[in-house]
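What follows is a short report on a single structure.
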Amino acid sequence: MIKKLKSKISASIKNKTVNVFLLFLLFSFIILIFSKLSKNYTNTITFEIEKVNIPEEEVILNDSFYLDIDLKTHGFRWFQYYIDKPKIKIDFSKDVTKTGGVYLWNKSIAYLNNTQFDKQVQLLNLTPDTLSFRYDVNQVKKVPIRLNANIKYSAGYNSSTPVVIEPDSIVIIGPHVMVKEINAIDTEEVLIEELRNDLNQNIKLSLPKNKGDLKFSDTEVNLKATVEKFTEGTLKIPVRVINVPEDINIKYFPREVSVSYYVSLKNFKSVKENDFKLICDYSKVIENQAFLIPELVKFPKTVKNERINQQRIEFIINR
């Protein structure tokens with residue numbers, strides 16, 4: 001029993017000794033790090049360019065600019081630069097000059113040192129010493145949106161109103177050289193099958209790939225349609241022959257033909273014969289032709305897939 005107690009006490013003392021050693025080792029490491037970071041170092045680091053106060057009516061065409069700067073500062077600041085990518089701000093209201101279709105920036109090391117760095121940082125050199133920014137005048141253009149959709153309805157269903165997209169157009173703002181080439185914007189391809197309920201779906205626009213300098217009023221649109229149960233209807237519509245010369249008298253048969261159509265159940269009873277107009281144009285008859293071609297020139301907006309069930313109207317001329 002006494003031997004076990006002595007063994008535990010000895011192990012405890014050894015563990016405390018190890019813990020104290022590790023603690024002193026940690027403190028020594030921290031002191032070493034602080035000592036290293038407190039010293040000044042000279043090195044080259046790449047600064048990104050942050051452009052501010054660009055005139056609203058203009059756009060900078062080349063986005064990617066960098067400055068390689070040789071500088072001298074303490075290790076803490078170097079540590080900060082490596083963690084957070086440093087930037088140089090270029091104020092287009094005061095730091096650049098406009099000449100020959102470009103903006104030129106060529107500030108001195110002293111100017112940068114005094115305006116964008118504190119006293120703990122000393123700038124030694126920068127490359128390049130001049131930056132040239134091409135620009136273009138912004139253009140505002142409104143273009144239509146083209147729906148790229150394949151919509152298939154369930155049997156007996158269809159849309160009772162036209163399929164619409166909201167908004168139906170988009171405003172583009174950007175360099176004239178880029179905007180002038182865009183005359184329409186397509187939606188992303190959409191496939192909808194077995195549709196039997198009202199449609200209300202957001203779809204994305206297929207925007208240009210090189211859109212970095214362009215701004216769009218919308219990036220998606222809303223696709224809408226009212227879907228209802230449909231049925232087939234048929235009506236007998238009288239045939240009217242037009243453009244018959246005054247010196248010709250014709251007889252034609254049949255004098256009325258069947259017109260079939262699809263209509264929603266809600267509007268089925270509202271479709272009447274007078275809503276349709278079917279004509280045959282005598283002026284379109286070619287030599288030795290003994291028949292007229294019927295044309296449906298009027299039908300109600302509530303019907304779909306309207307069709308004439310007879311494609312020829314026979315006629316004879318009475319002299």
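To be explicit about the labels: the chains of the structure tokens are called A, B, and onward in the order shown, and within each one the residues are counted from 1, while ligands get numbers from 1 in the order they are shown.
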Can you tell me which residues surround Ser206 of chain A at a distance of at most 8 Å, considering only C-alpha atoms, apart from same-chain residues fewer than 4 positions away, and format the answer as an mmCIF file with N, CA and C atoms, in the first residue's frame?
```cif
data_model
loop_
_atom_site.group_PDB
_atom_site.id
_atom_site.type_symbol
_atom_site.label_atom_id
_atom_site.label_comp_id
_atom_site.auth_asym_id
_atom_site.auth_seq_id
_atom_site.Cartn_x
_atom_site.Cartn_y
_atom_site.Cartn_z
ATOM 1 N N ILE A 185 -32.385 39.255 -74.660
ATOM 2 C CA ILE A 185 -31.836 38.348 -73.644
ATOM 3 C C ILE A 185 -32.762 37.137 -73.550
ATOM 4 N N ASP A 186 -32.200 35.943 -73.644
ATOM 5 C CA ASP A 186 -32.984 34.717 -73.521
ATOM 6 C C ASP A 186 -33.053 34.272 -72.064
ATOM 7 N N THR A 187 -34.121 33.572 -71.760
ATOM 8 C CA THR A 187 -34.177 32.889 -70.461
ATOM 9 C C THR A 187 -33.394 31.589 -70.565
ATOM 10 N N GLU A 188 -33.038 31.044 -69.423
ATOM 11 C CA GLU A 188 -32.463 29.703 -69.442
ATOM 12 C C GLU A 188 -33.520 28.709 -69.918
#
```
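For segment 97-104 of chain A, the set of protein, DNA and RNA residues having any atom at most 7 Å away, when counting only C-alpha atoms and skipping those fewer than 2 positions along the same chain, is Asn106, Thr130, Leu131, Ser132, Phe133, Arg134 and Tyr135 of chain A.
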Polymer residues at most 12 Å from segment 218-224 of chain A, only C-alpha atoms, same-chain spacing of 3 or more positions, as a PyMOL selection string:
chain A and resi 142-149+151+159-173+185-188+190+192+197-208+211+214-215+227
Could you write those residues out with C-alpha atoms, as a short mmCIF file (atom, residue, chain, number, x, y, z; two decimals), in the first residue's frame?
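Now in result.cif:
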```
data_model
loop_
_atom_site.label_atom_id
_atom_site.label_comp_id
_atom_site.auth_asym_id
_atom_site.auth_seq_id
_atom_site.Cartn_x
_atom_site.Cartn_y
_atom_site.Cartn_z
CA LYS A 142 -33.87 48.29 -72.95
CA VAL A 143 -34.12 44.95 -74.72
CA PRO A 144 -36.87 42.28 -74.82
CA ILE A 145 -36.65 38.98 -73.00
CA ARG A 146 -37.19 35.86 -75.10
CA LEU A 147 -38.77 32.88 -73.39
CA ASN A 148 -36.91 29.62 -73.99
CA ALA A 149 -39.45 27.16 -72.63
CA ILE A 151 -44.39 23.59 -71.91
CA SER A 159 -53.60 27.71 -70.62
CA SER A 160 -56.69 29.90 -70.85
CA THR A 161 -54.54 33.04 -71.15
CA PRO A 162 -51.23 33.57 -72.98
CA VAL A 163 -48.11 32.43 -71.14
CA VAL A 164 -46.37 35.59 -69.96
CA ILE A 165 -43.07 36.54 -68.41
CA GLU A 166 -42.72 39.42 -65.96
CA PRO A 167 -40.87 41.59 -66.68
CA ASP A 168 -40.91 41.14 -70.45
CA SER A 169 -37.85 43.34 -70.97
CA ILE A 170 -34.62 44.22 -69.21
CA VAL A 171 -32.50 47.36 -68.88
CA ILE A 172 -28.78 46.97 -69.56
CA ILE A 173 -26.19 49.54 -68.49
CA ILE A 185 -31.84 38.35 -73.64
CA ASP A 186 -32.98 34.72 -73.52
CA THR A 187 -34.18 32.89 -70.46
CA GLU A 188 -32.46 29.70 -69.44
CA VAL A 190 -37.09 25.41 -69.17
CA ILE A 192 -42.32 21.68 -68.00
CA ASN A 197 -52.16 23.72 -62.43
CA ASP A 198 -51.57 27.45 -62.70
CA LEU A 199 -47.97 28.27 -63.53
CA ASN A 200 -45.99 30.70 -61.36
CA GLN A 201 -42.27 30.02 -61.55
CA ASN A 202 -39.07 32.06 -61.42
CA ILE A 203 -36.56 31.34 -64.16
CA LYS A 204 -33.06 32.76 -64.56
CA LEU A 205 -31.88 34.79 -67.50
CA SER A 206 -29.09 33.54 -69.73
CA LEU A 207 -26.83 36.55 -69.31
CA PRO A 208 -23.70 37.17 -71.43
CA LYS A 211 -20.79 40.53 -68.17
CA LEU A 214 -22.45 45.23 -67.57
CA LYS A 215 -25.27 45.86 -65.14
CA VAL A 227 -54.23 26.58 -66.59
#
```
Considering only helix (DSSP H, G or I) as DSSP defines it on the backbone, what residues of segment 121-192 of chain A qualify? List them as an MDAnalysis selection string.
chainID A and resid 176:179
Computed gap from atom CA of Asp68 of chain A to atom CA of Leu124 of chain A is 10.9 Å
Give me, as a count of residues only, all polymer residues having an atom no more than 8 Å from Phe47 of chain A, counting only C-alpha atoms and skipping those fewer than 6 positions away in the same chain.
8
Please determine, counting only C-alpha atoms, which residue among A:Leu195, A:Val140, A:Ala225, A:Val257 has the shortest atom-to-atom distance to Pro175 of chain A.
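For Pro175 of chain A, the nearest of the given residues is A:Val140.
For the pair atom CA of Ile90 of chain A and atom CA of Ile49 of chain A, the interatomic distance is 6.9 Å.
Closest approach to Gln289 of chain A from the set A:Ile317, A:Val263, A:Val303, A:Leu191 is made by A:Ile317, with distances taken over only C-alpha atoms.
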Can you work out which one of A:Ile308, A:Phe76, A:Lys266, A:Phe216 has the shortest atom-to-atom distance to Pro238 of chain A, counting only C-alpha atoms?
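Of all the options, A:Ile308 lies closest to Pro238 of chain A.
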Find the residues around Phe315 of chain A up to 9 Å (only C-alpha atoms counted), leave out those fewer than 6 positions away in its own chain, and share them as a ChimeraX atom specification.
/A:250-253,290-292
Since we have the selection now, will you write its residues out, keeping all heavy atoms, as a CSV table (one decimal), in the first residue's frame?
```csv
chain,number,residue,atom,x,y,z
A,250,ILE,N,-71.2,32.9,-109.3
A,250,ILE,CA,-70.7,31.6,-108.9
A,250,ILE,C,-71.7,30.9,-108.0
A,250,ILE,O,-72.4,31.6,-107.2
A,250,ILE,CB,-69.3,31.6,-108.3
A,250,ILE,CG1,-69.3,32.3,-107.0
A,250,ILE,CG2,-68.3,32.2,-109.3
A,250,ILE,CD1,-68.0,32.1,-106.2
A,251,LYS,N,-71.7,29.6,-108.0
A,251,LYS,CA,-72.4,28.8,-107.0
A,251,LYS,C,-71.3,28.0,-106.3
A,251,LYS,O,-70.5,27.4,-107.0
A,251,LYS,CB,-73.5,28.0,-107.6
A,251,LYS,CG,-74.7,28.8,-108.1
A,251,LYS,CD,-75.8,27.9,-108.6
A,251,LYS,CE,-77.0,28.7,-109.0
A,251,LYS,NZ,-78.1,27.8,-109.5
A,252,TYR,N,-71.4,27.8,-105.0
A,252,TYR,CA,-70.4,27.1,-104.3
A,252,TYR,C,-71.0,26.2,-103.3
A,252,TYR,O,-72.2,26.4,-102.8
A,252,TYR,CB,-69.3,28.0,-103.7
A,252,TYR,CG,-69.9,29.0,-102.7
A,252,TYR,CD1,-70.0,28.7,-101.3
A,252,TYR,CD2,-70.3,30.2,-103.1
A,252,TYR,CE1,-70.5,29.6,-100.5
A,252,TYR,CE2,-70.8,31.2,-102.3
A,252,TYR,CZ,-70.9,30.9,-100.9
A,252,TYR,OH,-71.4,31.8,-100.0
A,253,PHE,N,-70.3,25.1,-103.0
A,253,PHE,CA,-70.8,24.1,-102.0
A,253,PHE,C,-69.7,23.4,-101.3
A,253,PHE,O,-68.6,23.2,-101.9
A,253,PHE,CB,-71.6,23.0,-102.8
A,253,PHE,CG,-72.2,22.0,-101.8
A,253,PHE,CD1,-73.4,22.2,-101.2
A,253,PHE,CD2,-71.5,20.8,-101.6
A,253,PHE,CE1,-74.0,21.2,-100.4
A,253,PHE,CE2,-72.1,19.8,-100.7
A,253,PHE,CZ,-73.3,20.1,-100.1
A,290,ALA,N,-61.0,24.5,-109.8
A,290,ALA,CA,-62.5,24.4,-109.6
A,290,ALA,C,-62.9,24.4,-108.1
A,290,ALA,O,-64.0,23.9,-107.8
A,290,ALA,CB,-63.0,23.1,-110.3
A,291,PHE,N,-62.0,24.9,-107.3
A,291,PHE,CA,-62.4,24.9,-105.9
A,291,PHE,C,-61.8,26.2,-105.2
A,291,PHE,O,-60.8,26.8,-105.7
A,291,PHE,CB,-61.9,23.7,-105.2
A,291,PHE,CG,-60.4,23.5,-105.3
A,291,PHE,CD1,-59.5,24.0,-104.3
A,291,PHE,CD2,-59.9,22.7,-106.3
A,291,PHE,CE1,-58.2,23.8,-104.4
A,291,PHE,CE2,-58.5,22.5,-106.4
A,291,PHE,CZ,-57.6,23.1,-105.5
A,292,LEU,N,-62.3,26.6,-104.1
A,292,LEU,CA,-61.9,27.7,-103.3
A,292,LEU,C,-61.3,27.1,-102.0
A,292,LEU,O,-61.6,26.1,-101.5
A,292,LEU,CB,-63.0,28.6,-103.0
A,292,LEU,CG,-63.8,29.2,-104.1
A,292,LEU,CD1,-65.1,29.8,-103.7
A,292,LEU,CD2,-62.9,30.3,-104.8
```
Using DSSP on the backbone coordinates, identify the residues of segment 15-257 of chain A assigned to strand (DSSP E or B); present them as a ChimeraX atom specification.
/A:40-52,58-60,66-74,87-91,97-99,102-105,122-127,131-146,149-153,157-159,164-166,169-175,185-187,190-195,199-205,215-216,220-225,227-242,249-253,256-257
Those selected residues, please, written with C-alpha atoms and delivered as a tab-separated table (two decimals), in the first residue's frame.
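What follows is the written file part.tsv:
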```
chain	number	residue	atom	x	y	z
A	40	ASN	CA	11.61	45.40	-39.50
A	41	TYR	CA	11.76	43.50	-42.79
A	42	THR	CA	12.04	44.57	-46.42
A	43	ASN	CA	10.10	42.69	-49.06
A	44	THR	CA	7.92	43.07	-52.16
A	45	ILE	CA	4.15	42.59	-51.97
A	46	THR	CA	1.43	42.89	-54.60
A	47	PHE	CA	-1.37	45.37	-53.90
A	48	GLU	CA	-4.73	45.14	-55.66
A	49	ILE	CA	-6.24	48.34	-57.07
A	50	GLU	CA	-9.54	49.54	-55.63
A	51	LYS	CA	-11.17	52.10	-57.95
A	52	VAL	CA	-13.47	54.64	-56.28
A	58	GLU	CA	-18.37	56.16	-67.61
A	59	VAL	CA	-17.08	52.64	-67.04
A	60	ILE	CA	-13.52	51.36	-66.74
A	66	TYR	CA	-1.91	45.55	-59.48
A	67	LEU	CA	1.05	47.39	-58.00
A	68	ASP	CA	4.16	45.58	-56.82
A	69	ILE	CA	5.51	47.64	-53.92
A	70	ASP	CA	8.84	47.23	-52.16
A	71	LEU	CA	8.34	48.30	-48.57
A	72	LYS	CA	9.91	48.13	-45.15
A	73	THR	CA	7.85	47.54	-42.02
A	74	HIS	CA	7.69	45.41	-38.90
A	87	LYS	CA	-5.28	47.28	-51.64
A	88	ILE	CA	-4.34	50.68	-52.99
A	89	LYS	CA	-7.28	53.05	-53.46
A	90	ILE	CA	-7.32	55.15	-56.61
A	91	ASP	CA	-9.80	58.02	-56.40
A	97	THR	CA	-5.76	62.64	-65.27
A	98	LYS	CA	-7.89	62.17	-68.39
A	99	THR	CA	-5.94	62.13	-71.62
A	102	VAL	CA	-7.66	56.91	-70.98
A	103	TYR	CA	-7.27	57.77	-67.33
A	104	LEU	CA	-3.63	57.96	-66.20
A	105	TRP	CA	-2.43	57.37	-62.65
A	122	GLN	CA	8.24	52.91	-45.53
A	123	LEU	CA	7.76	52.62	-49.32
A	124	LEU	CA	10.95	52.00	-51.28
A	125	ASN	CA	9.81	51.33	-54.84
A	126	LEU	CA	6.69	50.56	-56.89
A	127	THR	CA	6.13	48.83	-60.23
A	131	LEU	CA	-1.35	52.84	-64.69
A	132	SER	CA	-3.52	53.42	-67.75
A	133	PHE	CA	-7.28	52.83	-67.46
A	134	ARG	CA	-9.30	52.56	-70.66
A	135	TYR	CA	-12.86	53.78	-70.31
A	136	ASP	CA	-16.05	53.98	-72.33
A	137	VAL	CA	-19.29	55.93	-72.06
A	138	ASN	CA	-22.07	54.05	-70.30
A	139	GLN	CA	-25.10	53.25	-72.43
A	140	VAL	CA	-28.59	52.48	-71.14
A	141	LYS	CA	-30.56	50.11	-73.36
A	142	LYS	CA	-33.87	48.29	-72.95
A	143	VAL	CA	-34.12	44.95	-74.72
A	144	PRO	CA	-36.87	42.28	-74.82
A	145	ILE	CA	-36.65	38.98	-73.00
A	146	ARG	CA	-37.19	35.86	-75.10
A	149	ALA	CA	-39.45	27.16	-72.63
A	150	ASN	CA	-41.06	23.91	-73.72
A	151	ILE	CA	-44.39	23.59	-71.91
A	152	LYS	CA	-46.42	20.38	-72.20
A	153	TYR	CA	-49.87	20.15	-70.65
A	157	TYR	CA	-55.59	20.89	-69.97
A	158	ASN	CA	-54.25	24.08	-71.48
A	159	SER	CA	-53.60	27.71	-70.62
A	164	VAL	CA	-46.37	35.59	-69.96
A	165	ILE	CA	-43.07	36.54	-68.41
A	166	GLU	CA	-42.72	39.42	-65.96
A	169	SER	CA	-37.85	43.34	-70.97
A	170	ILE	CA	-34.62	44.22	-69.21
A	171	VAL	CA	-32.50	47.36	-68.88
A	172	ILE	CA	-28.78	46.97	-69.56
A	173	ILE	CA	-26.19	49.54	-68.49
A	174	GLY	CA	-22.61	49.29	-69.64
A	175	PRO	CA	-19.99	50.30	-72.20
A	185	ILE	CA	-31.84	38.35	-73.64
A	186	ASP	CA	-32.98	34.72	-73.52
A	187	THR	CA	-34.18	32.89	-70.46
A	190	VAL	CA	-37.09	25.41	-69.17
A	191	LEU	CA	-38.93	22.11	-69.69
A	192	ILE	CA	-42.32	21.68	-68.00
A	193	GLU	CA	-44.29	18.46	-68.50
A	194	GLU	CA	-47.77	17.28	-67.48
A	195	LEU	CA	-48.84	20.77	-66.44
A	199	LEU	CA	-47.97	28.27	-63.53
A	200	ASN	CA	-45.99	30.70	-61.36
A	201	GLN	CA	-42.27	30.02	-61.55
A	202	ASN	CA	-39.07	32.06	-61.42
A	203	ILE	CA	-36.56	31.34	-64.16
A	204	LYS	CA	-33.06	32.76	-64.56
A	205	LEU	CA	-31.88	34.79	-67.50
A	215	LYS	CA	-25.27	45.86	-65.14
A	216	PHE	CA	-28.73	44.30	-65.53
A	220	GLU	CA	-34.53	36.38	-63.45
A	221	VAL	CA	-38.16	36.63	-64.55
A	222	ASN	CA	-41.49	35.22	-63.41
A	223	LEU	CA	-43.21	32.76	-65.74
A	224	LYS	CA	-47.01	32.83	-65.40
A	225	ALA	CA	-49.98	31.07	-66.95
A	227	VAL	CA	-54.23	26.58	-66.59
A	228	GLU	CA	-57.75	25.17	-66.91
A	229	LYS	CA	-59.61	22.09	-68.03
A	230	PHE	CA	-60.27	22.25	-71.77
A	231	THR	CA	-62.75	20.53	-74.04
A	232	GLU	CA	-63.36	20.40	-77.80
A	233	GLY	CA	-66.12	22.37	-79.47
A	234	THR	CA	-67.51	22.36	-83.03
A	235	LEU	CA	-69.67	24.91	-84.83
A	236	LYS	CA	-71.08	25.22	-88.33
A	237	ILE	CA	-69.79	28.49	-89.81
A	238	PRO	CA	-71.19	30.01	-93.04
A	239	VAL	CA	-68.79	30.47	-95.94
A	240	ARG	CA	-68.47	33.92	-97.51
A	241	VAL	CA	-66.81	34.35	-100.92
A	242	ILE	CA	-65.07	37.68	-101.54
A	249	ASN	CA	-71.87	34.62	-110.90
A	250	ILE	CA	-70.72	31.57	-108.95
A	251	LYS	CA	-72.38	28.85	-107.00
A	252	TYR	CA	-70.38	27.05	-104.34
A	253	PHE	CA	-70.84	24.08	-102.03
A	256	GLU	CA	-71.10	26.25	-94.39
A	257	VAL	CA	-68.35	24.12	-92.88
```
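The space between atom CA of Ile293 of chain A and atom CA of Val244 of chain A spans 13.9 Å.
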